[in-house]
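One file, final.pdb, carrying PDB, C-alpha atoms:
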ATOM      1  CA  MET Q 252      -8.006   0.097   6.055
ATOM      2  CA  VAL Q 253      -4.396  -1.073   6.253
ATOM      3  CA  LEU Q 254      -2.351  -0.867   9.438
ATOM      4  CA  MET Q 255       1.369  -0.602   8.782
ATOM      5  CA  ASP Q 256       4.243  -0.538  11.237
ATOM      6  CA  THR Q 257       7.681  -1.985  11.937
ATOM      7  CA  THR Q 258       8.677  -3.825  15.110
ATOM      8  CA  TYR Q 259      12.326  -4.444  15.965
ATOM      9  CA  PHE Q 260      13.827  -7.546  17.567
ATOM     10  CA  GLY Q 261      17.303  -6.177  18.196
ATOM     11  CA  ARG Q 262      19.648  -4.009  16.187
ATOM     12  CA  GLY Q 263      19.027  -4.216  12.476
ATOM     13  CA  VAL Q 264      16.338  -6.905  12.704
ATOM     14  CA  GLY Q 265      12.807  -5.641  12.145
ATOM     15  CA  LEU Q 266       9.511  -6.904  10.835
ATOM     16  CA  MET Q 267       7.519  -4.514   8.638
ATOM     17  CA  LEU Q 268       3.892  -5.596   8.741
ATOM     18  CA  PHE Q 269       0.836  -4.609   6.693
ATOM     19  CA  LYS Q 270      -2.397  -5.747   8.324
ATOM     20  CA  ASP Q 271      -6.109  -5.485   7.504
ATOM     21  CA  ALA Q 272      -7.618  -3.287  10.244
ATOM     22  CA  TYR Q 273     -11.045  -4.924  10.051
ATOM     23  CA  SER Q 274     -10.262  -8.634   9.918
ATOM     24  CA  GLY Q 275      -6.867  -8.559  11.642
ATOM     25  CA  THR Q 276      -5.386 -10.564   8.778
ATOM     26  CA  ASN Q 277      -1.695 -10.076   8.013
ATOM     27  CA  LEU Q 278      -1.603  -9.065   4.346
ATOM     28  CA  HIS Q 279       2.132  -8.669   3.776
ATOM     29  CA  TRP Q 280       5.357  -8.586   5.785
ATOM     30  CA  ASP Q 281       9.052  -8.118   5.156
ATOM     31  CA  TYR Q 282      12.109  -8.463   7.358
ATOM     32  CA  VAL Q 283      13.983  -5.165   7.290
ATOM     33  CA  ALA Q 284      17.121  -3.697   8.825
ATOM     34  CA  TYR Q 285      15.395  -0.329   9.262
ATOM     35  CA  GLU Q 286      12.157   1.344   8.157
ATOM     36  CA  THR Q 287      12.115   3.831   5.309
ATOM     37  CA  VAL Q 288       9.377   5.539   3.345
ATOM     38  CA  LEU Q 289      10.579   3.668   0.241
ATOM     39  CA  LEU Q 290      10.064   0.291   1.964
ATOM     40  CA  TYR Q 291       6.523   1.319   2.961
ATOM     41  CA  GLN Q 292       5.865   2.381  -0.662
ATOM     42  CA  GLU Q 293       7.118  -0.982  -1.895
ATOM     43  CA  GLY Q 294       4.909  -2.808   0.619
ATOM     44  CA  ILE Q 295       1.801  -0.895  -0.467
ATOM     45  CA  GLN Q 296       2.673  -1.562  -4.111
ATOM     46  CA  LYS Q 297       2.946  -5.301  -3.354
ATOM     47  CA  LEU Q 298      -0.566  -5.189  -1.855
ATOM     48  CA  LEU Q 299      -1.881  -3.402  -4.944
ATOM     49  CA  ASP Q 300      -0.132  -5.962  -7.190
ATOM     50  CA  LYS Q 301      -1.894  -8.748  -5.245
ATOM     51  CA  GLY Q 302      -5.241  -7.108  -6.035
ATOM     52  CA  TYR Q 303      -6.002  -5.463  -2.689
ATOM     53  CA  THR Q 304      -7.915  -2.174  -2.632
ATOM     54  CA  ILE Q 305      -6.477   0.359  -0.193
ATOM     55  CA  LYS Q 306      -9.253   2.411   1.415
ATOM     56  CA  GLY Q 307      -6.999   4.100   3.988
ATOM     57  CA  LEU Q 308      -3.826   3.741   6.017
ATOM     58  CA  VAL Q 309      -2.971   3.821   9.705
ATOM     59  CA  CYS Q 310       0.693   4.445  10.488
ATOM     60  CA  ASP Q 311       3.086   5.583  13.214
ATOM     61  CA  GLY Q 312       3.454   9.128  11.871
ATOM     62  CA  LYS Q 313       6.954   8.574  10.532
ATOM     63  CA  ARG Q 314       8.230  11.685   8.823
ATOM     64  CA  GLY Q 315       7.498  11.563   5.105
ATOM     65  CA  LEU Q 316       4.692   8.978   5.175
ATOM     66  CA  ILE Q 317       1.899  11.548   5.257
ATOM     67  CA  ASN Q 318       3.239  13.325   2.166
ATOM     68  CA  CYS Q 319       4.040  10.063   0.409
ATOM     69  CA  PHE Q 320       0.528   8.614   0.663
ATOM     70  CA  LYS Q 321      -1.575  11.704  -0.069
ATOM     71  CA  GLN Q 322      -3.868   9.665  -2.333
ATOM     72  CA  TYR Q 323      -5.190   7.710   0.688
ATOM     73  CA  PRO Q 324      -6.960   8.797   3.862
ATOM     74  CA  LEU Q 325      -4.245   8.458   6.499
ATOM     75  CA  GLN Q 326      -4.283   8.564  10.281
ATOM     76  CA  ILE Q 327      -1.667   8.161  12.967
ATOM     77  CA  CYS Q 328      -2.399   5.291  15.363
ATOM     78  CA  GLN Q 329      -3.587   6.230  18.837
ATOM     79  CA  PHE Q 330      -0.559   4.724  20.582
ATOM     80  CA  HIS Q 331       1.847   6.826  18.530
ATOM     81  CA  GLN Q 332      -0.300   9.957  18.910
ATOM     82  CA  ILE Q 333      -0.090   9.609  22.698
ATOM     83  CA  ALA Q 334       3.667   8.978  22.539
ATOM     84  CA  ILE Q 335       4.191  12.123  20.423
ATOM     85  CA  VAL Q 336       2.159  14.288  22.818
ATOM     86  CA  ARG Q 337       3.847  12.778  25.891
ATOM     87  CA  LYS Q 338       7.247  13.664  24.425
ATOM     88  CA  TYR Q 339       6.374  17.372  24.619
ATOM     89  CA  LEU Q 340       4.609  17.385  27.994
ATOM     90  CA  THR Q 341       6.120  17.183  31.447
ATOM     91  CA  LYS Q 342       5.278  14.313  33.769
ATOM     92  CA  ASN Q 343       5.551  16.662  36.753
ATOM     93  CA  ALA Q 344       2.260  17.549  38.436
TER      94      ALA Q 344
END
Can I see the file as structure tokens?
Amino acid sequence: MVLMDTTYFGRGVGLMLFKDAYSGTNLHWDYVAYETVLLYQEGIQKLLDKGYTIKGLVCDGKRGLINCFKQYPLQICQFHQIAIVRKYLTKNA
């Protein structure tokens, strides 16, 4: 299972990371200005070129990723699921 996400350190400076969900090992990373589906595709292809077997993906639910990686089991990470739900719910009691 591969975890993939991008973290930003200011405007236009991000780190796209692909990590093994079981061992916690960082498998591949790239510095990016912004995250796109194409950059995620290229990252997965680099893992495949290195000989890794992709059994599934965990991502942030970015639009287009689910359709792009239909050949793999895919789930949205719990943190991002909660953030998506919270966006549509009120915080008022």
Which residues, written as a VMD selection string, have at least one atom at most 9 Å from Q:Gln329, with all atoms listed in the file counted and residues fewer than 4 positions away on the same chain left out?
chain Q and resid 311 333 to 334
Nearby residues (only C-alpha atoms) at most 12 Å from stretch 290-304 of chain Q, same-chain spacing under 3 positions excluded, as a PyMOL selection string:
chain Q and resi 252-257+266-271+277-287+307-311+313+315-321+323
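Note that the spacing between atom CA of Q:Arg314 and atom CA of Q:Thr276 amounts to 26.1 Å.
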All file atoms of stretch 282-300 of chain Q boxed axis-aligned, 6 Å per side, centre plus edges, as JSON:
{"center_x": 7.6, "center_y": -1.5, "center_z": 1.0, "size_x": 31.0, "size_y": 26.0, "size_z": 28.5}
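Of the listed residues Q:Asn343, Q:Gly312, Q:Lys306, Q:Val288, the one whose atoms come nearest to Q:Phe330 is Q:Gly312, with distances taken using only C-alpha atoms.
Between atom CA of Q:Pro324 and atom CA of Q:Val336 lies a distance of 21.7 Å.
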One decimal place gives the atom CA of Q:Ile305-atom CA of Q:Tyr259 separation as 25.3 Å
